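This is start04.pdb. It holds PDB, C-alpha atoms and all ligand atoms.
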```pdb
MODEL        1
ATOM      1  CA  MET U 142      33.730  27.926 -90.751
ATOM      2  CA  ALA U 143      31.162  25.127 -90.258
ATOM      3  CA  LYS U 144      30.580  25.137 -94.027
ATOM      4  CA  ALA U 145      34.315  24.986 -94.738
ATOM      5  CA  ILE U 146      34.694  22.038 -92.360
ATOM      6  CA  ARG U 147      31.744  20.225 -93.935
ATOM      7  CA  GLN U 148      33.191  20.699 -97.391
ATOM      8  CA  LEU U 149      36.590  19.511 -96.233
ATOM      9  CA  GLU U 150      35.038  16.411 -94.643
ATOM     10  CA  GLU U 151      33.265  15.620 -97.930
ATOM     11  CA  ASN U 152      36.430  16.154 -99.943
ATOM     12  CA  LEU U 153      38.498  13.988 -97.634
ATOM     13  CA  HIS U 154      36.490  10.973 -98.812
ATOM     14  CA  LEU U 155      37.761  11.599-102.334
ATOM     15  CA  VAL U 156      41.478  11.645-101.646
ATOM     16  CA  ASP U 157      44.197   9.182-100.716
ATOM     17  CA  ILE U 158      46.408  11.663 -98.900
ATOM     18  CA  VAL U 159      46.272  15.084 -97.257
ATOM     19  CA  PHE U 160      48.972  17.706 -97.739
ATOM     20  CA  GLU U 161      48.686  19.859 -94.632
ATOM     21  CA  LEU U 162      50.358  23.239 -95.090
ATOM     22  CA  VAL U 163      51.784  25.213 -92.215
ATOM     23  CA  ASP U 164      53.879  28.378 -92.340
ATOM     24  CA  ALA U 165      57.498  27.456 -91.542
ATOM     25  CA  ARG U 166      57.813  30.625 -89.429
ATOM     26  CA  ILE U 167      54.880  29.630 -87.226
ATOM     27  CA  PRO U 168      54.372  25.868 -87.582
ATOM     28  CA  SER U 169      52.380  25.777 -84.380
ATOM     29  CA  ALA U 170      50.293  28.968 -84.642
ATOM     30  CA  SER U 171      49.342  28.262 -88.264
ATOM     31  CA  ARG U 172      47.973  24.785 -87.474
ATOM     32  CA  ASN U 173      44.311  24.389 -86.789
ATOM     33  CA  PRO U 174      43.979  21.935 -83.888
ATOM     34  CA  GLU U 175      40.831  20.451 -85.479
ATOM     35  CA  ILE U 176      42.805  19.066 -88.377
ATOM     36  CA  GLU U 177      43.985  15.844 -86.711
ATOM     37  CA  ARG U 178      40.404  14.986 -85.746
ATOM     38  CA  LEU U 179      39.166  15.707 -89.278
ATOM     39  CA  ILE U 180      41.876  13.785 -91.074
ATOM     40  CA  LYS U 181      41.702  10.811 -88.710
ATOM     41  CA  ASP U 182      44.041   8.091 -89.956
ATOM     42  CA  LYS U 183      44.266   9.264 -93.558
ATOM     43  CA  PRO U 184      47.897   9.452 -94.767
ATOM     44  CA  HIS U 185      49.130  12.924 -94.123
ATOM     45  CA  LEU U 186      52.174  14.917 -95.228
ATOM     46  CA  MET U 187      53.141  18.128 -93.436
ATOM     47  CA  ILE U 188      54.418  20.784 -95.833
ATOM     48  CA  LEU U 189      56.199  23.735 -94.242
ATOM     49  CA  THR U 190      55.655  26.601 -96.677
ATOM     50  CA  LYS U 191      57.601  29.859 -96.994
ATOM     51  CA  SER U 192      60.724  28.122 -95.774
ATOM     52  CA  ASP U 193      62.724  30.794 -97.630
ATOM     53  CA  LEU U 194      61.562  33.246 -94.942
ATOM     54  CA  ALA U 195      62.128  30.960 -91.951
ATOM     55  CA  ASP U 196      65.235  30.222 -89.893
ATOM     56  CA  PRO U 197      66.722  27.104 -91.586
ATOM     57  CA  GLU U 198      67.924  25.516 -88.348
ATOM     58  CA  GLN U 199      64.483  25.900 -86.786
ATOM     59  CA  THR U 200      62.855  24.447 -89.901
ATOM     60  CA  GLN U 201      65.021  21.342 -89.575
ATOM     61  CA  ASN U 202      64.088  21.057 -85.897
ATOM     62  CA  TRP U 203      60.407  21.300 -86.792
ATOM     63  CA  ILE U 204      60.683  18.686 -89.525
ATOM     64  CA  LYS U 205      62.296  16.306 -87.044
ATOM     65  CA  ALA U 206      59.713  17.134 -84.383
ATOM     66  CA  PHE U 207      56.819  16.374 -86.749
ATOM     67  CA  LYS U 208      58.525  13.153 -87.834
ATOM     68  CA  ALA U 209      58.986  12.172 -84.185
ATOM     69  CA  LYS U 210      55.207  12.511 -83.831
ATOM     70  CA  GLY U 211      54.708  10.164 -86.775
ATOM     71  CA  LEU U 212      54.039  12.963 -89.261
ATOM     72  CA  PRO U 213      56.319  13.005 -92.292
ATOM     73  CA  ALA U 214      57.277  16.586 -93.134
ATOM     74  CA  ILE U 215      59.080  18.586 -95.804
ATOM     75  CA  ALA U 216      59.882  22.274 -96.235
ATOM     76  CA  VAL U 217      59.222  24.149 -99.477
ATOM     77  CA  ASP U 218      59.784  27.534-101.033
ATOM     78  CA  SER U 219      56.927  27.625-103.508
ATOM     79  CA  LYS U 220      58.133  30.878-105.012
ATOM     80  CA  ALA U 221      61.426  29.406-106.137
ATOM     81  CA  ASN U 222      61.561  25.677-106.372
ATOM     82  CA  ILE U 223      59.184  22.911-105.580
ATOM     83  CA  THR U 224      59.907  19.577-107.005
ATOM     84  CA  THR U 225      56.808  17.740-108.072
ATOM     85  CA  LYS U 226      58.970  14.627-108.182
ATOM     86  CA  THR U 227      59.868  14.855-104.502
ATOM     87  CA  VAL U 228      56.269  15.390-103.397
ATOM     88  CA  THR U 229      55.056  12.571-105.665
ATOM     89  CA  LYS U 230      57.709  10.194-104.355
ATOM     90  CA  ILE U 231      56.859  10.899-100.719
ATOM     91  CA  ALA U 232      53.142  10.455-101.415
ATOM     92  CA  GLN U 233      53.889   7.157-103.151
ATOM     93  CA  SER U 234      55.952   5.901-100.239
ATOM     94  CA  LEU U 235      53.244   6.866 -97.734
ATOM     95  CA  LEU U 236      50.668   5.006 -99.814
ATOM     96  CA  ALA U 237      52.875   2.045-100.780
ATOM     97  CA  GLN U 238      50.681  -0.525 -99.060
ATOM     98  CA  LYS U 239      47.416   0.745-100.567
ATOM     99  CA  LEU U 240      48.913   0.962-104.057
ATOM    100  CA  SER U 241      50.390  -2.526-103.873
ATOM    101  CA  ASP U 242      47.072  -3.948-102.586
ATOM    102  CA  GLU U 243      45.326  -2.368-105.570
ATOM    103  CA  ALA U 244      47.923  -3.772-107.992
ATOM    104  CA  GLN U 245      47.514  -7.255-106.495
ATOM    105  CA  LYS U 246      43.782  -7.059-107.040
ATOM    106  CA  GLY U 247      44.543  -6.353-110.681
ATOM    107  CA  LEU U 248      43.366  -2.731-110.558
ATOM    108  CA  LYS U 249      44.809  -0.413-113.167
ATOM    109  CA  GLU U 250      47.554   1.932-111.993
ATOM    110  CA  ARG U 251      46.121   5.388-111.256
ATOM    111  CA  PRO U 252      47.390   8.753-110.016
ATOM    112  CA  ILE U 253      47.375   9.339-106.280
ATOM    113  CA  ARG U 254      44.652  11.818-105.282
ATOM    114  CA  ALA U 255      45.610  14.548-102.840
ATOM    115  CA  ILE U 256      44.141  17.671-101.263
ATOM    116  CA  THR U 257      45.983  20.668 -99.821
ATOM    117  CA  VAL U 258      44.669  21.960 -96.515
ATOM    118  CA  GLY U 259      45.621  24.935 -94.394
ATOM    119  CA  ILE U 260      44.722  28.325 -92.979
ATOM    120  CA  PRO U 261      44.180  31.301 -95.326
ATOM    121  CA  ASN U 262      47.355  32.799 -96.744
ATOM    122  CA  VAL U 263      49.555  29.836 -95.845
ATOM    123  CA  GLY U 264      50.378  29.325 -99.530
ATOM    124  CA  LYS U 265      47.865  26.722-100.753
ATOM    125  CA  SER U 266      47.202  28.305-104.178
ATOM    126  CA  THR U 267      50.859  29.082-104.762
ATOM    127  CA  LEU U 268      51.850  25.498-104.039
ATOM    128  CA  LEU U 269      49.014  24.114-106.164
ATOM    129  CA  ASN U 270      50.059  26.279-109.099
ATOM    130  CA  ARG U 271      53.617  25.103-108.696
ATOM    131  CA  LEU U 272      52.711  21.449-108.552
ATOM    132  CA  VAL U 273      50.255  21.485-111.392
ATOM    133  CA  ASN U 274      51.301  21.275-115.010
ATOM    134  CA  LYS U 275      48.037  21.008-116.831
ATOM    135  CA  ARG U 276      44.378  20.849-115.981
ATOM    136  CA  VAL U 277      42.572  17.575-116.438
ATOM    137  CA  ALA U 278      38.847  17.620-115.846
ATOM    138  CA  GLN U 279      37.624  14.287-114.569
ATOM    139  CA  VAL U 280      34.495  15.469-112.824
ATOM    140  CA  GLY U 281      32.206  13.183-114.808
ATOM    141  CA  ASP U 282      34.242  10.116-113.873
ATOM    142  CA  THR U 283      34.456  10.758-110.192
ATOM    143  CA  PRO U 284      31.416   9.966-108.099
ATOM    144  CA  GLY U 285      30.769  12.417-105.314
ATOM    145  CA  VAL U 286      32.825  15.273-106.713
ATOM    146  CA  THR U 287      30.835  18.474-106.422
ATOM    147  CA  LYS U 288      30.085  20.145-109.727
ATOM    148  CA  GLY U 289      32.780  22.650-110.466
ATOM    149  CA  GLN U 290      35.494  20.720-108.688
ATOM    150  CA  GLN U 291      38.314  19.403-110.758
ATOM    151  CA  TRP U 292      41.331  17.242-110.414
ATOM    152  CA  LEU U 293      44.486  19.009-111.396
ATOM    153  CA  ARG U 294      47.153  16.764-112.818
ATOM    154  CA  SER U 295      50.522  17.285-111.170
ATOM    155  CA  SER U 296      52.329  14.354-112.720
ATOM    156  CA  SER U 297      51.170  11.104-114.247
ATOM    157  CA  LYS U 298      51.251   9.765-110.716
ATOM    158  CA  LEU U 299      49.676  12.620-108.717
ATOM    159  CA  SER U 300      46.404  14.554-109.010
ATOM    160  CA  LEU U 301      45.288  17.358-106.731
ATOM    161  CA  LEU U 302      41.795  18.506-105.928
ATOM    162  CA  ASP U 303      41.479  22.076-107.170
ATOM    163  CA  THR U 304      39.588  23.188-104.039
ATOM    164  CA  PRO U 305      41.965  23.462-101.104
ATOM    165  CA  GLY U 306      40.620  22.752 -97.637
ATOM    166  CA  ILE U 307      40.453  25.955 -95.623
ATOM    167  CA  LEU U 308      40.658  25.978 -91.867
ATOM    168  CA  TRP U 309      40.851  29.057 -89.728
ATOM    169  CA  PRO U 310      43.677  29.594 -87.276
ATOM    170  CA  LYS U 311      42.749  29.234 -83.656
ATOM    171  CA  PHE U 312      44.131  31.762 -81.238
ATOM    172  CA  ASP U 313      42.895  31.709 -77.702
ATOM    173  CA  ASP U 314      46.004  33.379 -76.426
ATOM    174  CA  GLU U 315      47.353  36.787 -77.308
ATOM    175  CA  GLN U 316      50.785  35.585 -78.340
ATOM    176  CA  THR U 317      49.454  33.230 -81.022
ATOM    177  CA  GLY U 318      47.411  36.129 -82.399
ATOM    178  CA  GLN U 319      50.496  38.325 -82.493
ATOM    179  CA  GLU U 320      52.480  35.619 -84.272
ATOM    180  CA  LEU U 321      49.758  35.319 -86.904
ATOM    181  CA  ALA U 322      49.543  39.099 -87.278
ATOM    182  CA  LEU U 323      53.300  39.589 -87.555
ATOM    183  CA  THR U 324      53.677  37.029 -90.344
ATOM    184  CA  GLY U 325      50.650  38.407 -92.217
ATOM    185  CA  ALA U 326      48.514  35.305 -91.647
ATOM    186  CA  ILE U 327      45.810  37.607 -90.313
ATOM    187  CA  LYS U 328      45.505  40.533 -92.629
ATOM    188  CA  GLU U 329      42.765  42.522 -90.982
ATOM    189  CA  GLN U 330      43.598  44.741 -88.052
ATOM    190  CA  ARG U 331      42.525  42.499 -85.209
ATOM    191  CA  PHE U 332      45.500  43.493 -83.132
ATOM    192  CA  ALA U 333      46.795  46.894 -82.160
ATOM    193  CA  SER U 334      49.909  47.612 -84.211
ATOM    194  CA  ASP U 335      51.897  48.782 -81.215
ATOM    195  CA  ASP U 336      51.219  45.501 -79.367
ATOM    196  CA  VAL U 337      52.439  43.509 -82.364
ATOM    197  CA  GLY U 338      55.380  45.921 -82.778
ATOM    198  CA  LEU U 339      56.404  45.511 -79.146
ATOM    199  CA  TYR U 340      56.053  41.757 -79.368
ATOM    200  CA  ALA U 341      58.246  41.804 -82.516
ATOM    201  CA  LEU U 342      60.912  43.993 -80.908
ATOM    202  CA  HIS U 343      61.058  41.776 -77.859
ATOM    203  CA  PHE U 344      61.240  38.646 -79.999
ATOM    204  CA  PHE U 345      64.044  39.906 -82.252
ATOM    205  CA  ARG U 346      66.010  41.245 -79.288
ATOM    206  CA  THR U 347      65.814  37.805 -77.725
ATOM    207  CA  TYR U 348      66.520  35.572 -80.721
ATOM    208  CA  TYR U 349      68.051  37.655 -83.508
ATOM    209  CA  PRO U 350      69.541  40.748 -81.792
ATOM    210  CA  ASP U 351      72.226  41.361 -84.418
ATOM    211  CA  THR U 352      69.772  41.740 -87.305
ATOM    212  CA  LEU U 353      67.871  44.388 -85.357
ATOM    213  CA  VAL U 354      71.069  46.261 -84.517
ATOM    214  CA  ASP U 355      72.265  46.129 -88.132
ATOM    215  CA  ARG U 356      68.976  47.086 -89.726
ATOM    216  CA  TYR U 357      68.243  50.082 -87.515
ATOM    217  CA  LYS U 358      71.857  51.027 -86.666
ATOM    218  CA  LEU U 359      71.265  50.714 -82.943
ATOM    219  CA  SER U 360      73.926  52.108 -80.632
ATOM    220  CA  GLU U 361      75.060  50.313 -77.475
ATOM    221  CA  ALA U 362      72.911  52.726 -75.461
ATOM    222  CA  ASP U 363      69.882  51.888 -77.649
ATOM    223  CA  GLN U 364      70.415  48.238 -76.892
ATOM    224  CA  GLU U 365      70.041  48.925 -73.164
ATOM    225  CA  LEU U 366      66.628  50.579 -73.574
ATOM    226  CA  SER U 367      63.385  48.890 -72.534
ATOM    227  CA  ASP U 368      61.207  47.558 -75.382
ATOM    228  CA  VAL U 369      58.811  50.496 -75.046
ATOM    229  CA  ASP U 370      61.644  53.045 -75.059
ATOM    230  CA  LEU U 371      63.256  51.367 -78.047
ATOM    231  CA  LEU U 372      59.963  51.578 -79.946
ATOM    232  CA  LEU U 373      59.741  55.283 -79.086
ATOM    233  CA  LYS U 374      63.324  55.790 -80.232
ATOM    234  CA  LEU U 375      62.615  53.996 -83.545
ATOM    235  CA  THR U 376      59.469  56.104 -83.999
ATOM    236  CA  LYS U 377      61.610  59.258 -83.850
ATOM    237  CA  GLN U 378      64.283  57.680 -86.024
ATOM    238  CA  PHE U 379      61.658  56.890 -88.696
ATOM    239  CA  GLY U 380      60.616  60.574 -88.589
ATOM    240  CA  MET U 381      57.182  59.718 -87.219
ATOM    241  CA  LYS U 382      57.259  62.002 -84.157
ATOM    242  CA  ASP U 383      55.264  60.129 -81.510
ATOM    243  CA  ASP U 384      53.104  58.009 -83.821
ATOM    244  CA  TYR U 385      54.330  54.673 -82.553
ATOM    245  CA  ASP U 386      51.443  52.819 -84.235
ATOM    246  CA  ARG U 387      52.793  53.934 -87.603
ATOM    247  CA  ALA U 388      56.320  53.065 -86.553
ATOM    248  CA  SER U 389      55.091  49.646 -85.474
ATOM    249  CA  ASP U 390      53.486  49.158 -88.885
ATOM    250  CA  ARG U 391      56.778  50.008 -90.530
ATOM    251  CA  LEU U 392      58.621  47.522 -88.299
ATOM    252  CA  ILE U 393      55.998  44.840 -89.033
ATOM    253  CA  GLN U 394      56.288  45.455 -92.794
ATOM    254  CA  ASP U 395      60.079  45.270 -92.611
ATOM    255  CA  ILE U 396      59.847  41.931 -90.790
ATOM    256  CA  ARG U 397      57.218  40.519 -93.172
ATOM    257  CA  LYS U 398      59.322  41.477 -96.175
ATOM    258  CA  GLY U 399      62.322  39.710 -94.671
ATOM    259  CA  LYS U 400      64.350  42.904 -94.185
ATOM    260  CA  LEU U 401      65.391  41.635 -90.769
ATOM    261  CA  GLY U 402      66.393  38.286 -92.214
ATOM    262  CA  ARG U 403      64.916  34.854 -91.795
ATOM    263  CA  TYR U 404      63.133  34.095 -88.554
ATOM    264  CA  THR U 405      60.960  31.497 -86.895
ATOM    265  CA  LEU U 406      58.585  32.727 -84.224
ATOM    266  CA  ASN U 407      57.508  29.310 -82.907
ATOM    267  CA  ARG U 408      60.697  27.950 -81.435
ATOM    268  CA  MET U 409      61.496  24.260 -81.509
ATOM    269  CA  GLY U 410      64.430  22.826 -79.595
ATOM    270  CA  ALA U 411      66.853  20.434 -81.267
ATOM    271  CA  VAL U 412      65.362  16.978 -81.765
ATOM    272  CA  GLU U 413      67.607  13.903 -81.626
ATOM    273  CA  ASP U 414      67.987  11.918 -84.851
ATOM    274  CA  ASP U 415      66.525   8.418 -84.716
TER     275      ASP U 415
HETATM  276  P1  LIG U 501      46.405  30.629 -99.746
HETATM  277  O1  LIG U 501      46.033  30.044-101.071
HETATM  278  O2  LIG U 501      46.733  29.587 -98.731
HETATM  279  O3  LIG U 501      45.437  31.626 -99.208
HETATM  280  O4  LIG U 501      47.797  31.424 -99.946
HETATM  281  P2  LIG U 501      48.461  31.963-101.295
HETATM  282  O5  LIG U 501      48.958  30.822-102.125
HETATM  283  O6  LIG U 501      47.549  32.936-101.932
HETATM  284  O7  LIG U 501      49.751  32.714-100.705
HETATM  285  C1  LIG U 501      49.647  33.811 -99.813
HETATM  286  C2  LIG U 501      50.894  34.672 -99.933
HETATM  287  O8  LIG U 501      52.046  33.904 -99.561
HETATM  288  C3  LIG U 501      51.175  35.175-101.346
HETATM  289  O9  LIG U 501      51.794  36.439-101.199
HETATM  290  C4  LIG U 501      52.210  34.180-101.869
HETATM  291  O10 LIG U 501      53.002  34.723-102.905
HETATM  292  C5  LIG U 501      53.015  33.948-100.613
HETATM  293  N1  LIG U 501      53.718  32.650-100.625
HETATM  294  C6  LIG U 501      53.179  31.432-100.794
HETATM  295  N2  LIG U 501      54.117  30.469-100.692
HETATM  296  C7  LIG U 501      55.288  31.103-100.478
HETATM  297  C8  LIG U 501      56.636  30.661-100.265
HETATM  298  O11 LIG U 501      56.958  29.449-100.250
HETATM  299  N3  LIG U 501      57.569  31.638-100.026
HETATM  300  C9  LIG U 501      57.242  32.966 -99.991
HETATM  301  N4  LIG U 501      58.211  33.844 -99.746
HETATM  302  N5  LIG U 501      55.991  33.411-100.176
HETATM  303  C10 LIG U 501      55.027  32.498-100.416
HETATM  304  P3  LIG U 501      51.056  37.798-101.501
HETATM  305  O12 LIG U 501      51.953  38.879-101.034
HETATM  306  O13 LIG U 501      49.668  37.735-100.959
HETATM  307  O14 LIG U 501      50.955  37.779-103.020
HETATM  308  P4  LIG U 501      52.149  37.893-104.084
HETATM  309  O15 LIG U 501      52.183  39.326-104.426
HETATM  310  O16 LIG U 501      53.417  37.385-103.484
HETATM  311  O17 LIG U 501      51.666  36.989-105.205
ENDMDL
END
```
Could I get this structure in the form of structure tokens?
Amino acid sequence: MAKAIRQLEENLHLVDIVFELVDARIPSASRNPEIERLIKDKPHLMILTKSDLADPEQTQNWIKAFKAKGLPAIAVDSKANITTKTVTKIAQSLLAQKLSDEAQKGLKERPIRAITVGIPNVGKSTLLNRLVNKRVAQVGDTPGVTKGQQWLRSSSKLSLLDTPGILWPKFDDEQTGQELALTGAIKEQRFASDDVGLYALHFFRTYYPDTLVDRYKLSEADQELSDVDLLLKLTKQFGMKDDYDRASDRLIQDIRKGKLGRYTLNRMGAVEDD
């Protein structure tokens, strides 16, 4: 982690703007709290990835909440559509002053240099691949760029560093860990499946009860059960006898694959328009 932070700090000197990626389903849990300190006052665009999996209303609330904090934000679905034009335009508007100062000094127009930063699995490579049309190696021309690093040309006006900045998620509390586990941000088994399964059941019963009822054909009596009893009932329904860890894994997979619909685990209340 210390090495990753050092590399990110070095790379930050090379760029004009940071694209910070967070998972639209967990915009809070997937943010490393160190990032603000590292980025300092460098222009910064929040990109909410995997918005195709998140609750659209919540995504809008989050975008407004970030904007209210002075952080411009957009949501993307990198698997389907990501408009290089939109990202380029936003980067240009955030850097308008710097670019006009350079033009006034008579400097030649150049592409904006950006880096993507985020926790593992948040979608950095997918977004990079989407944004990039062709590779342009400029290593020789760029002082300070580590050998092997390259600028990837997104458009004539935007270049991206090919090495994304990686930060690890921080989870001091159990719930954040469960949110990361449920969305697949943490792949390894750091959490007991049944704990994550119970957290998921409780969450969906609270915020998206109808999708749970529809997916697993829950009766009215099922809906009255406690979370633990409902997990036991689903375990039997899945034909897994009393192996509720396996049943939890099945529930987790269903949720990750979007079989229970779009959801946002980190809830954000409505934010007033300016
Ligand atoms: P990273 O570089 O930050 O580590 O993440 P990466 O791009 O490798 O993406 C991690 C997983 O998230 C991949 O799925 C990728 O397809 C998926 N992903 C990235 N962006 C989006 C998005 O906007 N929407 C959706 N639905 N998924 C996204 P995977 O299962 O690991 O691989 P794959 O089989 O999908 O390629």
- Translate the PyMOL selection byres (((not hetatm)) within 7 of (chain U and resi 501)), as applied to the file shown, into an explicit residue set as a PyMOL selection string. chain U and resi 190-194+217-220+259-268
| message | At a cut-off of 10 Å, using all atoms listed in the file, what residues contact U:Glu250? Leave out same-chain residues fewer than 3 positions from it and give the result as a ChimeraX atom specification. | response | /U:240-241,243-244,247,253,298
Taking only C-alpha atoms into account, name the residue in U:Ile167, U:Ala221, U:Leu299, U:Leu308 that is nearest to U:Ala143.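 Nearest candidate to U:Ala143 out of U:Ile167, U:Ala221, U:Leu299, U:Leu308: U:Leu308.
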Expressed in Å, the length from atom CA of U:Arg294 to atom CA of U:Asp242 is 23.1 Å
Can you pull out every residue within 8 Å of stretch 147-160 of chain U, counting all atoms listed in the file, but drop anything in the same chain fewer than 6 positions away, and send it as a VMD selection string? chain U and resid 179 to 180 183 to 188 232 236 253 to 258 285 to 286 306 to 307
For U:Ser334, the nearest of the candidates U:Leu359, U:Ala411, U:Ala214, U:Ala388, counting only C-alpha atoms
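Residue with the minimum atom-to-atom distance to U:Ser334: U:Ala388.
You will find atom CA of U:Glu320 at 19.5 Å from atom CA of U:Ile204.
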- Which residue of U:Thr227, U:Leu162, U:Arg251, U:Asp182 approaches U:Leu269 most closely, using only C-alpha atoms: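 The closest residue to U:Leu269 is U:Leu162.
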TODO: Step by step, work through what the PyMOL selection byres (((chain U and resi 273) around 9) and not hetatm) selects in the shown file, and finish by giving those residues as a PyMOL selection string.
DONE: chain U and resi 225+268-272+274-276+293-296+300-301
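Coordinates place atom CA of U:Pro213 at a distance of 14.4 Å from atom CA of U:Val412.
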Skip U:Pro310 itself and residues of its chain fewer than 6 positions away, then list as a list of chain:residue names all residues within 9 Å of it, counting all atoms listed in the file. U:Ala170, U:Ser171, U:Arg172, U:Asn173, U:Pro174, U:Gly259, U:Ile260, U:Pro261, U:Gly318, U:Leu321, U:Ala326, U:Ile327
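Residues surrounding U:Val369 within 10 Å are Asp335, Gly338, Leu339, Leu342, His343, Leu375 and Tyr385 of chain U [all atoms listed in the file; sequence separation below 6 positions excluded].
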(message) Just want the 12 Å neighbourhood of U:Thr347, counted on all atoms listed in the file, with same-chain residues fewer than 3 positions away dropped. Output as an MDAnalysis selection string.
(response) chainID U and resid 340:344 350:353 364 368 404 406 408
Using all atoms listed in the file, the best pick from U:Ser360, U:Asn202, U:Thr224, U:Thr229 as closest to U:Asp414 would be U:Asn202
Could you tell me which residues the PyMOL selection byres (((chain U and resi 390) around 10) and not hetatm) returns for this structure, as a PDB file with C-alpha atoms, keeping the file's coordinate frame?
```
ATOM      1  CA  LEU U 323      53.300  39.589 -87.555  1.00  0.00           C
ATOM      2  CA  ALA U 333      46.795  46.894 -82.160  1.00  0.00           C
ATOM      3  CA  SER U 334      49.909  47.612 -84.211  1.00  0.00           C
ATOM      4  CA  ASP U 335      51.897  48.782 -81.215  1.00  0.00           C
ATOM      5  CA  VAL U 337      52.439  43.509 -82.364  1.00  0.00           C
ATOM      6  CA  GLY U 338      55.380  45.921 -82.778  1.00  0.00           C
ATOM      7  CA  TYR U 385      54.330  54.673 -82.553  1.00  0.00           C
ATOM      8  CA  ASP U 386      51.443  52.819 -84.235  1.00  0.00           C
ATOM      9  CA  ARG U 387      52.793  53.934 -87.603  1.00  0.00           C
ATOM     10  CA  ALA U 388      56.320  53.065 -86.553  1.00  0.00           C
ATOM     11  CA  SER U 389      55.091  49.646 -85.474  1.00  0.00           C
ATOM     12  CA  ARG U 391      56.778  50.008 -90.530  1.00  0.00           C
ATOM     13  CA  LEU U 392      58.621  47.522 -88.299  1.00  0.00           C
ATOM     14  CA  ILE U 393      55.998  44.840 -89.033  1.00  0.00           C
ATOM     15  CA  GLN U 394      56.288  45.455 -92.794  1.00  0.00           C
ATOM     16  CA  ASP U 395      60.079  45.270 -92.611  1.00  0.00           C
ATOM     17  CA  ILE U 396      59.847  41.931 -90.790  1.00  0.00           C
TER      18      ILE U 396
END
```
**Asked** For U:Glu161, which of U:Leu401, U:Met409, U:Leu372, U:Leu212 is the closest residue, counting all atoms listed in the file?
**Response**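 Once distances to U:Glu161 are computed over all atoms listed in the file, the minimum belongs to U:Leu212.
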